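Listing of work.txt, compact mmCIF, C-alpha atoms
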# COMPACT_ATOMS: atom_id res chain seq x y z
CA MET A 1 10.40 0.63 -5.53
CA GLY A 2 12.61 0.60 -8.54
CA SER A 3 11.86 -0.04 -12.15
CA ALA A 4 14.25 -2.04 -14.25
CA ASN A 5 14.75 0.75 -16.76
CA GLY A 6 16.10 3.59 -14.75
CA GLY A 7 13.93 6.59 -13.91
CA CYS A 8 12.51 5.25 -10.63
CA SER A 9 15.18 3.03 -9.13
CA ARG A 10 15.28 2.66 -5.36
CA ARG A 11 18.62 0.88 -5.48
CA GLY A 12 20.56 4.13 -5.65
CA PHE A 13 18.01 5.71 -3.40
CA VAL A 14 18.38 3.90 -0.08
CA GLY A 15 21.05 5.66 1.91
CA VAL A 16 21.24 8.53 -0.62
CA LEU A 17 17.90 10.11 0.16
CA ALA A 18 19.08 13.67 -0.27
CA GLY A 19 17.62 13.76 -3.76
CA ALA A 20 14.66 11.58 -2.98
CA ALA A 21 11.90 13.25 -4.88
CA SER A 22 12.02 10.12 -7.03
CA GLY A 23 12.09 7.33 -4.41
CA LEU A 24 9.38 4.66 -4.56
CA VAL A 25 6.87 2.78 -2.34
CA GLY A 26 3.38 3.08 -0.75
CA CYS A 27 1.44 3.33 2.69
CA SER A 28 -1.01 0.90 4.42
CA THR A 29 -4.74 1.21 3.80
CA SER A 30 -15.94 14.11 2.01
CA SER A 31 -18.66 11.96 2.45
CA GLY A 32 -21.64 13.04 0.47
CA SER A 33 -20.93 10.75 -2.47
CA SER A 34 -22.02 12.02 -5.85
CA SER A 35 -22.35 10.45 -9.26
CA ALA A 36 -20.39 13.35 -10.73
CA SER A 37 -16.77 12.51 -11.43
CA VAL A 38 -13.55 14.25 -12.43
CA PRO A 39 -13.12 14.51 -16.23
CA SER A 40 -11.60 11.17 -17.08
CA ARG A 41 -9.14 9.82 -19.60
CA THR A 42 -11.01 6.74 -20.77
CA PRO A 43 -9.12 4.05 -22.69
CA GLY A 44 -10.63 3.55 -26.11
CA SER A 45 -13.71 5.77 -25.73
CA PRO A 46 -14.77 9.17 -24.43
CA ALA A 47 -16.85 7.67 -21.64
CA ALA A 48 -16.79 4.29 -19.94
CA ALA A 49 -19.98 2.46 -19.05
CA SER A 50 -20.71 2.10 -15.35
CA PRO A 51 -21.57 -1.31 -13.90
CA SER A 52 -24.69 -1.95 -11.90
CA PRO A 53 -25.01 -0.16 -8.54
CA ALA A 54 -22.93 -1.54 -5.70
CA LYS A 55 -23.91 -2.07 -2.11
CA THR A 56 -22.95 0.66 0.30
CA PRO A 57 -20.05 -0.01 2.70
CA SER A 58 -20.99 -1.60 6.01
CA ALA A 59 -18.78 0.68 8.13
CA PRO A 60 -20.69 3.60 9.70
CA ALA A 61 -19.92 7.06 8.41
CA PRO A 62 -17.63 8.94 10.83
CA THR A 63 -18.75 12.22 12.34
CA GLY A 64 -16.55 15.20 13.15
CA PRO A 65 -12.88 15.67 12.20
CA ARG A 66 -10.86 12.46 11.90
CA PRO A 67 -7.10 11.81 12.34
CA LEU A 68 -4.79 11.53 9.35
CA TYR A 69 -1.12 10.50 9.58
CA LEU A 70 1.37 11.28 6.82
CA GLY A 71 4.59 9.52 5.88
CA THR A 72 7.60 11.28 4.36
CA TYR A 73 11.38 11.17 3.98
CA THR A 74 13.11 13.19 6.67
CA SER A 75 16.47 13.01 4.87
CA ALA A 76 15.13 14.11 1.49
CA GLU A 77 15.42 17.65 0.19
CA GLY A 78 12.16 19.36 1.13
CA GLY A 79 11.13 16.40 3.26
CA GLY A 80 9.34 16.41 6.59
CA ASN A 81 10.57 16.32 10.18
CA GLY A 82 8.81 13.12 11.16
CA ILE A 83 5.30 11.68 10.86
CA GLY A 84 2.89 14.39 9.78
CA VAL A 85 -0.26 14.77 11.89
CA ALA A 86 -3.45 16.20 10.39
CA ARG A 87 -7.22 15.97 10.54
CA TYR A 88 -9.73 15.57 7.74
CA ASP A 89 -13.41 16.38 7.51
CA PRO A 90 -15.28 13.20 6.50
CA ASP A 91 -17.95 15.23 4.69
CA SER A 92 -15.90 17.73 2.71
CA GLY A 93 -12.61 15.80 2.61
CA ARG A 94 -10.73 18.93 3.64
CA ILE A 95 -7.41 18.31 5.41
CA THR A 96 -5.96 20.53 8.14
CA GLY A 97 -2.42 20.05 9.41
CA THR A 98 -2.01 19.88 13.19
CA GLY A 99 1.63 18.98 13.86
CA THR A 100 4.43 16.44 13.59
CA ILE A 101 5.57 13.38 15.54
CA ALA A 102 9.31 14.03 15.62
CA GLY A 103 12.06 11.54 16.34
CA VAL A 104 11.08 9.13 13.54
CA THR A 105 13.50 8.74 10.61
CA ASN A 106 12.24 8.37 7.04
CA PRO A 107 8.76 7.09 7.96
CA SER A 108 7.83 6.25 4.36
CA TYR A 109 5.15 3.70 5.27
CA LEU A 110 2.71 3.59 8.18
CA ALA A 111 0.40 0.96 9.68
CA LEU A 112 -2.06 0.91 12.57
CA HIS A 113 -2.43 -1.75 15.26
CA PRO A 114 -5.86 -3.46 15.17
CA ASP A 115 -6.76 -1.93 18.56
CA GLY A 116 -6.15 1.56 17.16
CA ARG A 117 -3.77 2.60 19.95
CA THR A 118 -0.36 2.25 18.28
CA LEU A 119 1.07 3.47 14.98
CA TYR A 120 4.02 1.75 13.31
CA ALA A 121 6.46 3.26 10.81
CA VAL A 122 9.39 1.99 8.79
CA ALA A 123 12.72 3.79 8.95
CA GLU A 124 13.73 3.51 5.30
CA GLN A 125 17.51 3.71 5.49
CA ASP A 126 20.57 1.49 5.00
CA THR A 127 20.29 0.12 8.53
CA GLY A 128 16.57 -0.51 8.48
CA ALA A 129 14.31 -0.21 11.50
CA VAL A 130 10.66 -0.15 12.53
CA THR A 131 9.25 2.24 15.11
CA ALA A 132 6.18 2.16 17.39
CA VAL A 133 4.30 5.33 18.41
CA ARG A 134 1.59 5.44 21.10
CA LEU A 135 -1.16 7.61 19.67
CA ALA A 136 -2.75 8.70 22.95
CA ASP A 137 0.19 10.98 23.73
CA ARG A 138 2.25 10.57 20.53
CA LYS A 139 5.11 9.04 22.48
CA VAL A 140 7.70 7.13 20.47
CA LEU A 141 7.93 3.71 22.14
CA GLY A 142 11.23 2.80 20.52
CA SER A 143 12.65 1.26 17.35
CA ARG A 144 13.95 -2.18 16.42
CA GLY A 145 16.26 -3.20 13.61
CA THR A 146 14.75 -5.10 10.70
CA GLY A 147 17.96 -6.96 9.88
CA GLY A 148 17.99 -5.49 6.39
CA ALA A 149 18.25 -2.34 4.29
CA GLY A 150 15.58 0.06 3.15
CA PRO A 151 12.38 -1.28 4.74
CA CYS A 152 9.53 0.09 2.64
CA HIS A 153 6.39 -1.68 3.90
CA LEU A 154 4.99 -3.04 7.13
CA SER A 155 1.72 -4.50 8.37
CA VAL A 156 0.32 -5.86 11.61
CA HIS A 157 -0.81 -9.48 11.74
CA PRO A 158 -4.58 -9.55 12.51
CA GLY A 159 -4.00 -11.04 15.94
CA GLY A 160 -2.07 -7.91 16.92
CA ARG A 161 0.96 -9.80 18.25
CA TRP A 162 3.34 -9.61 15.26
CA LEU A 163 4.67 -6.86 13.02
CA LEU A 164 5.65 -7.85 9.48
CA SER A 165 8.08 -5.72 7.47
CA ALA A 166 9.70 -5.86 4.01
CA ASN A 167 13.30 -4.75 3.40
CA TYR A 168 13.52 -3.51 -0.19
CA GLY A 169 17.26 -2.96 -0.29
CA SER A 170 18.26 -6.40 0.98
CA GLY A 171 15.30 -8.40 -0.35
CA SER A 172 14.25 -9.79 3.02
CA VAL A 173 11.24 -9.91 5.31
CA ALA A 174 11.21 -9.63 9.10
CA VAL A 175 8.94 -10.47 12.02
CA HIS A 176 8.86 -8.55 15.32
CA PRO A 177 6.77 -9.32 18.42
CA ILE A 178 4.35 -6.69 19.73
CA ASP A 179 3.78 -6.56 23.49
CA SER A 180 0.61 -5.58 25.32
CA SER A 181 1.62 -1.90 25.34
CA GLY A 182 2.10 -1.87 21.56
CA ALA A 183 5.90 -1.68 21.84
CA LEU A 184 8.12 -3.88 19.68
CA GLY A 185 10.44 -6.63 20.83
CA GLU A 186 13.61 -7.86 19.18
CA ARG A 187 13.26 -9.42 15.74
CA ARG A 188 12.22 -13.07 15.83
CA ASP A 189 12.84 -14.05 12.22
CA THR A 190 14.31 -12.71 8.99
CA VAL A 191 14.14 -14.47 5.60
CA THR A 192 16.10 -13.32 2.55
CA HIS A 193 14.70 -14.18 -0.87
CA SER A 194 17.61 -16.13 -2.35
CA SER A 195 15.65 -18.02 -5.02
CA PRO A 196 14.74 -17.66 -7.83
CA ALA A 197 17.42 -15.53 -9.46
CA PRO A 198 16.74 -11.83 -9.98
CA GLY A 199 14.57 -10.90 -12.95
CA PRO A 200 15.68 -8.93 -16.04
CA GLY A 201 17.36 -5.65 -15.15
CA GLN A 202 17.38 -6.42 -11.41
CA ASP A 203 20.49 -6.68 -9.24
CA GLY A 204 18.97 -8.85 -6.51
CA PRO A 205 15.81 -9.49 -4.51
CA HIS A 206 13.74 -6.44 -3.53
CA ALA A 207 10.96 -7.23 -1.07
CA HIS A 208 8.27 -4.57 -1.44
CA GLN A 209 5.33 -5.75 0.65
CA PHE A 210 4.58 -8.21 3.47
CA LEU A 211 0.92 -8.83 4.32
CA THR A 212 -1.51 -11.38 5.77
CA SER A 213 -4.16 -13.20 3.74
CA PRO A 214 -7.78 -12.34 4.67
CA ASP A 215 -8.30 -15.71 6.36
CA GLY A 216 -5.16 -15.19 8.47
CA GLY A 217 -3.70 -18.54 7.44
CA HIS A 218 -0.67 -17.29 5.54
CA VAL A 219 1.57 -14.25 5.15
CA LEU A 220 2.70 -13.24 1.68
CA ALA A 221 5.77 -11.30 0.53
CA VAL A 222 5.85 -9.51 -2.83
CA ASP A 223 9.35 -9.26 -4.30
CA LEU A 224 9.97 -6.97 -7.27
CA GLY A 225 13.54 -8.17 -7.80
CA THR A 226 12.74 -11.87 -8.21
CA ASP A 227 9.32 -11.47 -9.93
CA THR A 228 7.86 -13.64 -7.17
CA VAL A 229 5.21 -13.65 -4.46
CA TYR A 230 6.29 -15.89 -1.56
CA SER A 231 3.75 -17.53 0.75
CA TYR A 232 4.71 -18.37 4.33
CA ARG A 233 3.15 -19.87 7.38
CA LEU A 234 3.73 -17.75 10.46
CA ASN A 235 4.16 -19.60 13.74
CA GLU A 236 2.02 -17.37 15.95
CA ARG A 237 3.76 -18.67 19.07
CA THR A 238 7.39 -18.15 18.03
CA GLY A 239 7.20 -15.73 15.08
CA ALA A 240 9.07 -18.16 12.80
CA LEU A 241 8.36 -18.17 9.06
CA THR A 242 8.12 -21.32 6.92
CA GLU A 243 7.91 -20.92 3.15
CA VAL A 244 5.13 -23.00 1.61
CA SER A 245 4.95 -21.82 -2.02
CA GLN A 246 6.10 -19.34 -4.65
CA ALA A 247 4.07 -17.64 -7.36
CA HIS A 248 6.00 -16.29 -10.33
CA THR A 249 4.98 -13.43 -12.60
CA ARG A 250 6.20 -13.14 -16.16
CA ALA A 251 9.88 -12.21 -16.32
CA GLY A 252 10.51 -8.52 -15.76
CA ALA A 253 7.04 -7.69 -14.46
CA GLY A 254 8.41 -6.33 -11.19
CA PRO A 255 5.50 -7.10 -8.82
CA ARG A 256 5.08 -4.37 -6.21
CA HIS A 257 1.77 -4.52 -4.39
CA LEU A 258 -0.88 -7.20 -3.75
CA THR A 259 -4.45 -6.46 -2.65
CA PHE A 260 -7.02 -9.11 -1.77
CA HIS A 261 -10.66 -9.11 -2.78
CA PRO A 262 -12.90 -9.16 0.34
CA GLY A 263 -14.07 -12.66 -0.59
CA GLY A 264 -10.53 -13.96 -0.06
CA ARG A 265 -10.38 -16.20 -3.15
CA TYR A 266 -8.76 -13.65 -5.45
CA ALA A 267 -6.14 -10.93 -5.24
CA TYR A 268 -4.85 -8.23 -7.57
CA LEU A 269 -1.18 -7.60 -8.28
CA ALA A 270 0.31 -4.29 -9.44
CA ASN A 271 3.43 -4.85 -11.55
CA GLU A 272 5.70 -1.82 -11.45
CA ALA A 273 8.33 -2.62 -14.05
CA ASP A 274 6.10 -3.61 -16.99
CA ASN A 275 3.11 -1.35 -16.21
CA THR A 276 0.49 -4.09 -15.83
CA VAL A 277 -1.89 -5.61 -13.30
CA ALA A 278 -2.88 -9.25 -12.85
CA VAL A 279 -5.73 -11.13 -11.21
CA CYS A 280 -4.47 -13.91 -8.94
CA ALA A 281 -6.35 -16.93 -7.61
CA TYR A 282 -5.63 -17.78 -3.96
CA ASP A 283 -5.89 -21.21 -2.35
CA ARG A 284 -6.65 -20.68 1.32
CA LYS A 285 -5.68 -24.21 2.31
CA THR A 286 -2.21 -24.24 0.79
CA GLY A 287 -1.47 -20.52 0.62
CA ARG A 288 -0.65 -20.90 -3.06
CA LEU A 289 -1.19 -17.88 -5.32
CA SER A 290 -1.69 -18.37 -9.07
CA VAL A 291 -0.88 -15.30 -11.15
CA GLY A 292 -3.14 -14.62 -14.14
CA ALA A 293 -2.45 -12.87 -17.43
CA ALA A 294 -1.07 -9.34 -17.52
CA GLN A 295 -3.73 -6.66 -18.02
CA SER A 296 -3.64 -3.02 -19.06
CA THR A 297 -3.48 -0.12 -16.64
CA GLY A 298 -5.19 2.11 -19.18
CA THR A 299 -2.26 4.53 -19.20
CA GLY A 300 -1.18 4.15 -22.81
CA SER A 301 2.36 3.85 -24.12
CA GLY A 302 4.05 6.51 -21.98
CA THR A 303 6.27 5.85 -18.98
CA ASN A 304 4.27 4.70 -15.99
CA TYR A 305 4.97 2.84 -12.75
CA PRO A 306 1.90 1.31 -11.08
CA ALA A 307 2.11 1.74 -7.32
CA GLN A 308 -0.82 0.35 -5.40
CA LEU A 309 -4.26 -1.20 -5.84
CA LEU A 310 -7.27 -0.72 -3.56
CA VAL A 311 -10.53 -2.68 -3.58
CA THR A 312 -13.77 -1.32 -2.13
CA ALA A 313 -15.13 -3.07 0.96
CA ASN A 314 -18.06 -4.44 -1.03
CA GLY A 315 -15.68 -5.88 -3.63
CA SER A 316 -17.26 -4.03 -6.57
CA TYR A 317 -14.50 -1.65 -7.67
CA ALA A 318 -10.70 -1.46 -7.71
CA TYR A 319 -8.41 1.56 -8.09
CA LEU A 320 -4.79 1.70 -9.20
CA ALA A 321 -2.35 4.55 -8.51
CA ASN A 322 -0.23 5.38 -11.56
CA ARG A 323 3.09 7.19 -11.12
CA GLY A 324 4.18 8.82 -14.36
CA HIS A 325 0.69 8.92 -15.88
CA ASN A 326 -0.36 10.66 -12.63
CA SER A 327 -3.79 9.10 -12.55
CA LEU A 328 -6.06 6.64 -10.79
CA THR A 329 -7.33 3.76 -12.91
CA ARG A 330 -10.84 2.55 -12.09
CA TYR A 331 -11.81 -1.10 -12.61
CA ALA A 332 -15.11 -2.91 -12.18
CA VAL A 333 -14.60 -6.13 -10.23
CA GLU A 334 -16.67 -8.93 -11.75
CA ALA A 335 -17.34 -12.68 -11.42
CA ASP A 336 -17.09 -12.60 -7.61
CA GLY A 337 -13.58 -11.20 -7.82
CA ALA A 338 -12.21 -13.30 -10.67
CA ARG A 339 -12.17 -10.54 -13.25
CA LEU A 340 -11.15 -6.87 -13.54
CA ARG A 341 -12.78 -4.73 -16.23
CA LEU A 342 -11.02 -1.49 -17.08
CA LEU A 343 -13.37 1.49 -16.88
CA ASP A 344 -11.35 4.71 -17.06
CA THR A 345 -8.54 6.81 -15.61
CA VAL A 346 -8.97 9.94 -13.51
CA PRO A 347 -6.27 12.64 -13.10
CA VAL A 348 -4.85 12.49 -9.56
CA ASN A 349 -4.22 16.25 -9.43
CA GLY A 350 -0.67 15.64 -8.24
CA ASP A 351 2.69 14.26 -9.35
CA PHE A 352 3.80 10.67 -8.68
CA PRO A 353 0.98 9.16 -6.55
CA ARG A 354 3.01 6.78 -4.41
CA GLN A 355 0.22 5.37 -2.21
CA ILE A 356 -3.56 5.44 -1.90
CA ALA A 357 -5.92 4.67 0.99
CA PHE A 358 -9.63 4.70 1.78
CA SER A 359 -11.20 6.42 4.76
CA PRO A 360 -12.61 3.77 7.16
CA ASP A 361 -16.14 4.13 5.75
CA GLY A 362 -14.92 3.97 2.16
CA THR A 363 -16.39 7.30 1.05
CA LEU A 364 -13.05 9.08 0.60
CA LEU A 365 -9.88 8.08 -1.24
CA PHE A 366 -6.54 9.71 -0.32
CA ALA A 367 -3.56 9.79 -2.69
CA ALA A 368 -0.06 10.70 -1.45
CA ASN A 369 1.78 12.46 -4.30
CA GLN A 370 5.50 12.28 -3.72
CA ARG A 371 6.93 14.68 -6.29
CA SER A 372 4.32 17.40 -5.84
CA SER A 373 4.46 17.08 -2.02
CA SER A 374 0.70 16.90 -1.77
CA VAL A 375 -2.23 14.71 -0.76
CA SER A 376 -5.23 14.58 -3.08
CA VAL A 377 -8.66 13.58 -1.75
CA PHE A 378 -11.57 12.17 -3.74
CA HIS A 379 -15.19 11.41 -2.91
CA VAL A 380 -16.01 7.80 -3.82
CA ASN A 381 -19.44 7.24 -5.33
CA THR A 382 -20.58 3.98 -3.75
CA ALA A 383 -23.14 3.39 -6.52
CA ASN A 384 -20.81 3.45 -9.53
CA GLY A 385 -17.28 3.76 -8.15
CA GLY A 386 -16.84 7.23 -9.63
CA LEU A 387 -14.29 9.62 -8.16
CA ARG A 388 -14.87 13.35 -7.58
CA ALA A 389 -12.08 15.64 -6.40
CA ALA A 390 -12.66 17.04 -2.89
CA GLY A 391 -11.14 20.48 -3.39
CA ARG A 392 -7.50 21.35 -3.86
CA PRO A 393 -4.73 18.95 -2.73
CA PHE A 394 -3.23 19.43 0.74
CA ALA A 395 0.45 20.45 0.86
CA SER A 396 2.59 17.88 2.71
CA PRO A 397 6.41 17.55 2.46
CA VAL A 398 7.43 14.69 0.11
CA ALA A 399 4.13 12.91 0.72
CA VAL A 400 4.64 9.17 0.32
CA CYS A 401 1.97 7.75 2.66
CA ALA A 402 -1.43 8.90 3.90
CA LEU A 403 -3.17 6.90 6.63
CA PRO A 404 -6.71 8.12 7.45
CA LEU A 405 -8.32 6.80 10.63
What does the file become when written as structure tokens?
Amino acid sequence: MGSANGGCSRRGFVGVLAGAASGLVGCSTSSGSSSASVPSRTPGSPAAASPSPAKTPSAPAPTGPRPLYLGTYTSAEGGGNGIGVARYDPDSGRITGTGTIAGVTNPSYLALHPDGRTLYAVAEQDTGAVTAVRLADRKVLGSRGTGGAGPCHLSVHPGGRWLLSANYGSGSVAVHPIDSSGALGERRDTVTHSSPAPGPGQDGPHAHQFLTSPDGGHVLAVDLGTDTVYSYRLNERTGALTEVSQAHTRAGAGPRHLTFHPGGRYAYLANEADNTVAVCAYDRKTGRLSVGAAQSTGTGSGTNYPAQLLVTANGSYAYLANRGHNSLTRYAVEADGARLRLLDTVPVNGDFPRQIAFSPDGTLLFAANQRSSSVSVFHVNTANGGLRAAGRPFASPVAVCALPL
């Protein structure tokens, strides 16, 4: 999404993707962990202390090559021809390209249905759309309009019956029904963020993410343009949205991406425009989010645009993708999720890491690097959260989303 001060604006980007090596957003969600890590840039000291060992992830380690889907811009110079298809080795982290799912326009963000059978992609363009793809035979099941411009994020409600999408260009969120085949029906609701007024340097609302709380009780929309996170109740029978609360960041923060702690009581917010993160308290009963104080990304005084936060399945560590600084910030998660402690930064080995995702078992971290057209892979040490590069990055046209299954 766009920063208020120029270099990374999406406003001039939607519909003019021909020069899109600088467009902004992120994607949804080898083994043999090691305590060794990539040489790090540690804020304030040459080496950061590691917290006490964490529990290992509960998901079983996958065996054999696993699928990896890659988002891109098809209308950008040097972009792809659709959704990239690849496989990765869960032990070595090595990626091998296997093809492309054509017929999908600007699939800059991807999400998987809970049953694993259908993949969904945004079509980030002036007349926004969302597309369903059946994975068994890679058949495109059709597209539906989002009722807005430049959709940049989508997610599937845990029940598997509703697709949630965020239109960056028009500052709106949309809800589509999902039928038993995984195909999408016509849009059931669209809400435009008309209040509060845009923040400093913004020309209007810019919805950047639409997700469901861990308890499933509310859906939340992060809007960079209005410096607000909106909480809604979703009517699971009709698909209608009802706003129940708003959480405001400090003016000009430009909130981009929200990630919940597994415990569900806290979440972490990446603020793109002012290069900060914040810990948020979440009230499950009311859906209200309370935004805490701005915290450092550990990237110093240079230009940087935080993109996305991830939290390990055991809730012990968090990682932030930094575009500009071209690094991953590592935090220790403390006090049952209520506190982030900055540990260090690790070079991402690419340019402009737009999105990051864990492998299902949590032992690998993938970073999609937009400007270097590459995907970096790291081994995640489950004992101390350390990251170790898994070989050289994989070349992928204008890589803006990596979704490992």
For A:Arg341, list every protein, DNA or RNA residue within 8 Å, evaluated using all atoms listed in the file, and leave out those in the same chain fewer than 6 positions away; present the list as a ChimeraX atom specification.
/A:331-334
Between atom CA of A:Gly159 and atom CA of A:Leu320, measure the distance and give it in Å to one decimal.
28.2 Å
A:Gly116, A:Gly204, A:Pro67, A:Gly217 ranked by distance to A:Gly99, top pick (using all atoms listed in the file)
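Between A:Gly116, A:Gly204, A:Pro67, A:Gly217, the residue approaching A:Gly99 most closely is A:Pro67.
Comparing the minimum interatomic distances between A:Gly150 and each of A:Ala390, A:His208, A:Arg134, A:Leu163, counting all atoms listed in the file, we find that A:His208 sits nearest.
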Using only C-alpha atoms, find all polymer residues with an atom at most 12 Å away from the point (19.1, -2.4, 9.6); report them as a PyMOL selection string.
chain A and resi 14-15+122-130+143-151+165-170+172-174+187+190
Kindly indicate which residue among A:Gly82, A:Pro306, A:Gly300, A:Gly292 lies nearest to A:Arg339, using all atoms listed in the file for the distances.
A:Gly292
Restricting the calculation to only C-alpha atoms, which member of A:Gly362, A:Pro347, A:Gly216, A:Gly182 is positioned closest to A:Leu310?
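That would be A:Gly362, the residue with the smallest distance to A:Leu310.
The coordinates place atom CA of A:Ile356 at 15.9 Å from atom CA of A:Pro107.
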Go through A:Ala335, A:Asn304, A:Tyr230, A:Ser245 one by one, measure the shortest atom-to-atom distance of each to A:Val279 using only C-alpha atoms, and give the residue with the smallest value.
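The shortest atom-to-atom distance to A:Val279 comes from A:Ala335.
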Which residue is closest to A:Ala338? Choose from A:Ser316, A:Thr303, A:Asn369, A:Thr74 and count all atoms listed in the file.
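Under the stated criterion, the closest residue is A:Ser316.
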Interatomic distance (Å, one decimal) between atom CA of A:Asp283 and atom CA of A:Gly264:
8.9 Å
Which residues are near A:Leu269? Cut-off 8 Å, only C-alpha atoms, ignore same chain within fewer than 2 positions. Put them as a PyMOL selection string.
chain A and resi 255-259+267+271+277-280+309
